[in-house]
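Structure file query.txt (compact mmCIF, C-alpha atoms) is printed below.
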# COMPACT_ATOMS: atom_id res chain seq x y z
CA MET K 1 4.74 128.38 -32.39
CA ASN K 2 4.29 130.59 -29.31
CA GLN K 3 5.14 133.56 -31.38
CA VAL K 4 4.77 137.13 -30.20
CA ILE K 5 4.22 139.43 -33.16
CA ASN K 6 5.59 142.95 -32.74
CA LEU K 7 3.86 145.18 -35.27
CA LYS K 8 6.54 147.89 -35.40
CA HIS K 9 9.24 145.28 -35.92
CA LYS K 10 7.27 143.61 -38.69
CA ALA K 11 6.68 146.99 -40.34
CA SER K 12 10.45 147.61 -40.33
CA LEU K 13 11.03 144.54 -42.50
CA PHE K 14 9.66 145.90 -45.78
CA THR K 15 9.40 149.13 -47.71
CA ASP K 16 7.18 148.52 -50.73
CA HIS K 17 3.78 150.14 -51.03
CA TRP K 18 0.37 148.54 -51.68
CA SER K 19 1.80 145.08 -51.09
CA PRO K 20 0.29 143.60 -47.91
CA LYS K 21 2.42 141.20 -45.88
CA VAL K 22 0.84 138.49 -43.73
CA ILE K 23 1.89 138.61 -40.08
CA ALA K 24 -0.68 136.26 -38.50
CA GLU K 25 -3.59 133.97 -39.21
CA LEU K 26 -6.78 133.57 -37.20
CA ASN K 27 -8.81 130.61 -38.45
CA ASP K 28 -9.31 131.43 -42.16
CA TYR K 29 -8.57 135.12 -41.66
CA GLN K 30 -5.27 136.94 -42.03
CA PHE K 31 -3.68 139.96 -40.38
CA LYS K 32 -1.64 141.85 -42.96
CA LEU K 33 0.58 144.90 -42.65
CA ALA K 34 0.65 147.23 -45.62
CA LYS K 35 2.49 150.45 -46.33
CA LEU K 36 0.36 152.80 -48.36
CA LYS K 37 1.41 155.95 -50.18
CA GLY K 38 -0.37 157.79 -52.93
CA GLU K 39 -3.70 156.87 -54.48
CA PHE K 40 -4.92 153.32 -54.91
CA ASP K 41 -7.57 152.21 -57.41
CA TRP K 42 -11.30 152.27 -56.79
CA HIS K 43 -12.39 148.71 -56.06
CA LYS K 44 -14.70 146.57 -53.96
CA HIS K 45 -14.77 143.13 -52.36
CA ASP K 46 -18.06 141.41 -53.15
CA ASP K 47 -17.63 138.62 -50.62
CA THR K 48 -16.21 140.23 -47.52
CA ASP K 49 -15.88 143.23 -45.25
CA GLU K 50 -12.35 144.62 -44.84
CA ALA K 51 -10.92 146.13 -41.66
CA PHE K 52 -8.18 148.80 -41.60
CA LEU K 53 -6.41 149.62 -38.32
CA ILE K 54 -3.89 152.43 -38.72
CA GLN K 55 -0.45 151.85 -37.16
CA SER K 56 1.25 155.04 -38.32
CA GLY K 57 0.44 157.97 -40.57
CA GLU K 58 -3.00 158.80 -41.92
CA LEU K 59 -5.27 157.15 -44.44
CA ILE K 60 -8.23 158.55 -46.31
CA ILE K 61 -10.68 156.01 -47.64
CA GLU K 62 -12.80 157.59 -50.36
CA LEU K 63 -16.30 156.19 -50.63
CA PRO K 64 -19.18 156.61 -53.07
CA ASP K 65 -21.12 159.89 -53.25
CA ASN K 66 -18.07 161.99 -52.39
CA GLU K 67 -17.98 160.61 -48.88
CA SER K 68 -14.74 159.63 -47.20
CA VAL K 69 -13.31 158.58 -43.87
CA HIS K 70 -10.11 160.02 -42.45
CA LEU K 71 -8.15 157.64 -40.26
CA ALA K 72 -5.25 158.50 -37.97
CA GLU K 73 -2.98 156.25 -35.90
CA GLY K 74 -5.02 154.15 -33.49
CA GLU K 75 -8.19 154.44 -35.56
CA MET K 76 -9.99 151.74 -37.51
CA PHE K 77 -12.70 151.43 -40.11
CA VAL K 78 -14.49 148.46 -41.61
CA VAL K 79 -15.28 148.79 -45.31
CA PRO K 80 -18.56 146.93 -45.80
CA LYS K 81 -18.77 144.07 -48.28
CA GLY K 82 -19.51 145.27 -51.78
CA LEU K 83 -18.85 148.96 -51.14
CA MET K 84 -16.61 150.75 -53.63
CA HIS K 85 -13.64 152.40 -51.93
CA LYS K 86 -10.35 154.07 -52.78
CA PRO K 87 -7.55 154.30 -50.21
CA VAL K 88 -5.43 157.46 -50.41
CA ALA K 89 -2.37 158.23 -48.30
CA LYS K 90 -0.81 161.65 -48.80
CA GLU K 91 2.23 160.56 -46.80
CA GLU K 92 3.26 156.99 -46.08
CA CYS K 93 0.82 155.18 -43.85
CA THR K 94 1.13 151.76 -42.25
CA ALA K 95 -2.14 149.88 -41.89
CA LEU K 96 -3.06 146.56 -40.34
CA ILE K 97 -5.62 144.94 -42.62
CA ILE K 98 -7.82 142.10 -41.38
CA GLU K 99 -9.79 140.05 -43.87
CA PRO K 100 -10.27 136.43 -44.99
CA LYS K 101 -7.46 134.62 -46.76
CA GLY K 102 -7.40 134.92 -50.52
CA VAL K 103 -8.97 138.35 -50.97
CA ILE K 104 -7.68 140.17 -54.07
CA ASN K 105 -6.38 143.56 -52.93
CA THR K 106 -7.65 145.27 -56.08
CA GLY K 107 -11.07 143.57 -56.10
CA GLU K 108 -10.73 142.45 -59.73
CA LYS K 109 -7.26 141.44 -60.86
CA ASN K 110 -5.20 144.13 -62.59
CA GLU K 111 -1.61 145.36 -62.77
CA ARG K 112 -1.76 146.55 -59.15
CA THR K 113 -2.90 143.20 -57.79
CA ALA K 114 -0.48 142.12 -55.05
CA GLU K 115 0.66 138.56 -54.51
CA ASN K 116 -1.24 136.92 -51.66
CA ASP K 117 0.18 134.94 -48.73
CA VAL K 118 3.50 136.78 -48.59
CA TRP K 119 4.58 136.44 -44.97
CA ILE K 120 7.07 138.56 -43.11
CA MET M 1 -22.45 154.05 -41.00
CA ASN M 2 -19.12 155.54 -42.15
CA GLN M 3 -17.86 155.30 -38.66
CA VAL M 4 -14.28 155.86 -37.65
CA ILE M 5 -13.47 153.89 -34.51
CA ASN M 6 -10.87 155.48 -32.25
CA LEU M 7 -9.51 152.78 -29.97
CA LYS M 8 -8.27 155.09 -27.21
CA HIS M 9 -11.62 156.86 -27.12
CA LYS M 10 -13.50 153.58 -26.96
CA ALA M 11 -11.22 152.38 -24.16
CA SER M 12 -12.04 155.53 -22.17
CA LEU M 13 -15.72 154.60 -22.11
CA PHE M 14 -15.55 151.72 -19.63
CA THR M 15 -13.61 150.64 -16.58
CA ASP M 16 -14.66 147.08 -15.76
CA HIS M 17 -12.22 144.20 -16.11
CA TRP M 18 -12.60 140.91 -18.01
CA SER M 19 -15.71 142.21 -19.76
CA PRO M 20 -15.03 142.65 -23.48
CA LYS M 21 -16.89 145.40 -25.35
CA VAL M 22 -17.61 145.12 -29.05
CA ILE M 23 -16.33 148.03 -31.11
CA ALA M 24 -16.65 146.66 -34.66
CA GLU M 25 -17.80 143.70 -36.70
CA LEU M 26 -16.12 142.17 -39.74
CA ASN M 27 -18.37 139.58 -41.39
CA ASP M 28 -19.15 137.16 -38.54
CA TYR M 29 -16.13 138.27 -36.50
CA GLN M 30 -15.96 140.91 -33.78
CA PHE M 31 -13.33 143.35 -32.56
CA LYS M 32 -13.62 143.71 -28.80
CA LEU M 33 -11.77 145.92 -26.34
CA ALA M 34 -11.17 144.46 -22.92
CA LYS M 35 -9.47 145.78 -19.81
CA LEU M 36 -7.64 143.04 -18.00
CA LYS M 37 -6.21 143.10 -14.50
CA GLY M 38 -5.25 140.20 -12.30
CA GLU M 39 -5.49 136.52 -13.15
CA PHE M 40 -8.18 135.04 -15.37
CA ASP M 41 -9.22 131.38 -15.39
CA TRP M 42 -7.57 128.64 -17.41
CA HIS M 43 -9.81 127.93 -20.40
CA LYS M 44 -9.83 127.05 -24.09
CA HIS M 45 -11.95 127.67 -27.15
CA ASP M 46 -12.54 124.40 -28.98
CA ASP M 47 -13.89 126.00 -32.15
CA THR M 48 -11.71 129.00 -32.83
CA ASP M 49 -8.38 130.74 -32.60
CA GLU M 50 -8.33 133.99 -30.59
CA ALA M 51 -6.20 137.05 -31.35
CA PHE M 52 -4.95 139.50 -28.71
CA LEU M 53 -3.49 142.86 -29.80
CA ILE M 54 -2.23 144.90 -26.85
CA GLN M 55 -3.26 148.56 -26.78
CA SER M 56 -1.74 149.52 -23.43
CA GLY M 57 -0.01 147.78 -20.57
CA GLU M 58 1.31 144.25 -20.64
CA LEU M 59 -0.32 140.85 -20.78
CA ILE M 60 1.07 137.46 -19.95
CA ILE M 61 -0.72 134.50 -21.50
CA GLU M 62 0.15 131.34 -19.62
CA LEU M 63 0.13 128.20 -21.74
CA PRO M 64 0.47 124.47 -21.03
CA ASP M 65 3.79 122.98 -19.91
CA ASN M 66 4.81 126.14 -18.01
CA GLU M 67 5.16 128.08 -21.22
CA SER M 68 3.91 131.63 -21.55
CA VAL M 69 3.98 134.61 -23.87
CA HIS M 70 4.64 138.16 -22.66
CA LEU M 71 2.92 140.85 -24.69
CA ALA M 72 3.61 144.58 -24.57
CA GLU M 73 1.83 147.46 -26.30
CA GLY M 74 1.87 147.00 -30.07
CA GLU M 75 2.33 143.25 -29.82
CA MET M 76 -0.09 140.49 -30.74
CA PHE M 77 -0.52 136.78 -30.25
CA VAL M 78 -2.97 134.26 -31.63
CA VAL M 79 -4.02 131.57 -29.19
CA PRO M 80 -4.59 128.45 -31.30
CA LYS M 81 -7.96 126.71 -31.24
CA GLY M 82 -8.24 124.22 -28.43
CA LEU M 83 -5.14 125.37 -26.53
CA MET M 84 -5.55 125.93 -22.79
CA HIS M 85 -4.50 129.44 -21.77
CA LYS M 86 -4.68 131.78 -18.82
CA PRO M 87 -4.37 135.55 -19.28
CA VAL M 88 -2.62 137.39 -16.44
CA ALA M 89 -2.16 141.16 -16.18
CA LYS M 90 -0.11 142.38 -13.23
CA GLU M 91 -1.22 145.96 -13.94
CA GLU M 92 -4.23 146.97 -15.99
CA CYS M 93 -3.87 146.09 -19.64
CA THR M 94 -6.12 147.02 -22.55
CA ALA M 95 -6.34 144.40 -25.27
CA LEU M 96 -8.08 144.31 -28.62
CA ILE M 97 -9.50 140.81 -29.05
CA ILE M 98 -10.51 139.51 -32.45
CA GLU M 99 -12.59 136.34 -32.71
CA PRO M 100 -15.87 135.09 -34.15
CA LYS M 101 -19.15 136.32 -32.70
CA GLY M 102 -20.57 134.26 -29.85
CA VAL M 103 -17.36 132.95 -28.29
CA ILE M 104 -17.68 132.39 -24.53
CA ASN M 105 -14.84 134.30 -22.86
CA THR M 106 -14.34 131.61 -20.24
CA GLY M 107 -14.53 128.67 -22.65
CA GLU M 108 -17.15 126.85 -20.57
CA LYS M 109 -19.73 129.04 -18.82
CA ASN M 110 -18.98 129.94 -15.21
CA GLU M 111 -19.32 132.87 -12.82
CA ARG M 112 -16.74 134.87 -14.79
CA THR M 113 -18.49 134.46 -18.13
CA ALA M 114 -19.05 137.92 -19.61
CA GLU M 115 -22.18 138.93 -21.49
CA ASN M 116 -21.63 138.85 -25.24
CA ASP M 117 -22.48 141.54 -27.79
CA VAL M 118 -22.09 144.47 -25.42
CA TRP M 119 -21.21 147.39 -27.71
CA ILE M 120 -19.53 150.62 -26.76
structure tokens encoding of this file:
Amino acid sequence: MNQVINLKHKASLFTDHWSPKVIAELNDYQFKLAKLKGEFDWHKHDDTDEAFLIQSGELIIELPDNESVHLAEGEMFVVPKGLMHKPVAKEECTALIIEPKGVINTGEKNERTAENDVWI
Amino acid sequence: MNQVINLKHKASLFTDHWSPKVIAELNDYQFKLAKLKGEFDWHKHDDTDEAFLIQSGELIIELPDNESVHLAEGEMFVVPKGLMHKPVAKEECTALIIEPKGVINTGEKNERTAENDVWI
């Protein structure tokens, strides 16, 4: 169980987009790697904040009122609970997402809802 | 409040060792940057796991029974709740620590206990 987790190695183990993979748990929270490319759906998480820490590439997170944040490698942003947001990656981006277990990636379930608790 | 957090920039803002600085909050959890050099004390956290994500340098976390984990940049490890551990950095290491607010860095309070909730 004394497991060192190498983020680049974990990121090399999958190729699909918008499908977060669990790499570690911390109490009832999970660390998930996700590859993002293109535009995701507008959504929100009513019960939790959501942290994005960029591992490679760039991510734009569109926010209400035409605001947005632009994240490069080594940068992070915490989307506050309840705030509508839309992740957009012009080129492929790898993000480490930290949030409680069981969060639905699309906010409400839809055809882009990813399966939870998929470990790599 | 739409604040992008650049980890390298934040790390450039302080020089003291074993004194974690809060850079972000996620619900009742905190992201803290810490510069580590030398040997810390053996300690444990009875109420929580603790995640280390190495930003620069290398960190050894000594564990019971002469076990240890060796972490390089881009690697992470979660110290399980209640497990005795001793961080050791031969050269300066910068680590991102993720854990609930209010955790005492030394487990029990002693002369190396750092002040909590110091933001940079």
Give me, as a ChimeraX atom specification, the residues of chain K touching chain M, with the criterion being at most 9 Å (counting only C-alpha atoms). /K:2-8,24-27,48-51,55,63,67-81,98-99
Do you have the atom CA of K:Lys21-atom CA of K:Glu108 distance handy? 19.1 Å
From the set M:His17, M:Lys44, M:Lys10, M:Lys37, which residue has the shortest atom-to-atom contact distance to M:Val88, counting all atoms listed in the file?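 Closest to M:Val88, using all atoms listed in the file: M:Lys37.
Taking atom CA of M:Asp65 and atom CA of M:Met84 as the two end points, the separation is 10.2 Å.
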Please compute the atom CA of M:Lys90-atom CA of M:Glu39 distance, one decimal, in Å.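 So the two atoms, atom CA of M:Lys90 and atom CA of M:Glu39, lie 8.0 Å apart.
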Using all atoms listed in the file, find the one residue out of K:Trp119, K:Glu91, K:Gly82, K:Pro64 that sits nearest to K:Leu33. K:Trp119
Once 8 Å is added on each side, what centre and edge lengths in Å to one decimal does the axis-aligned box around all listed atoms of stretch 37-49 of chain K have, as AutoDock Vina command-line options?
--center_x -8.3 --center_y 148.2 --center_z -51.3 --size_x 35.5 --size_y 35.2 --size_z 28.2
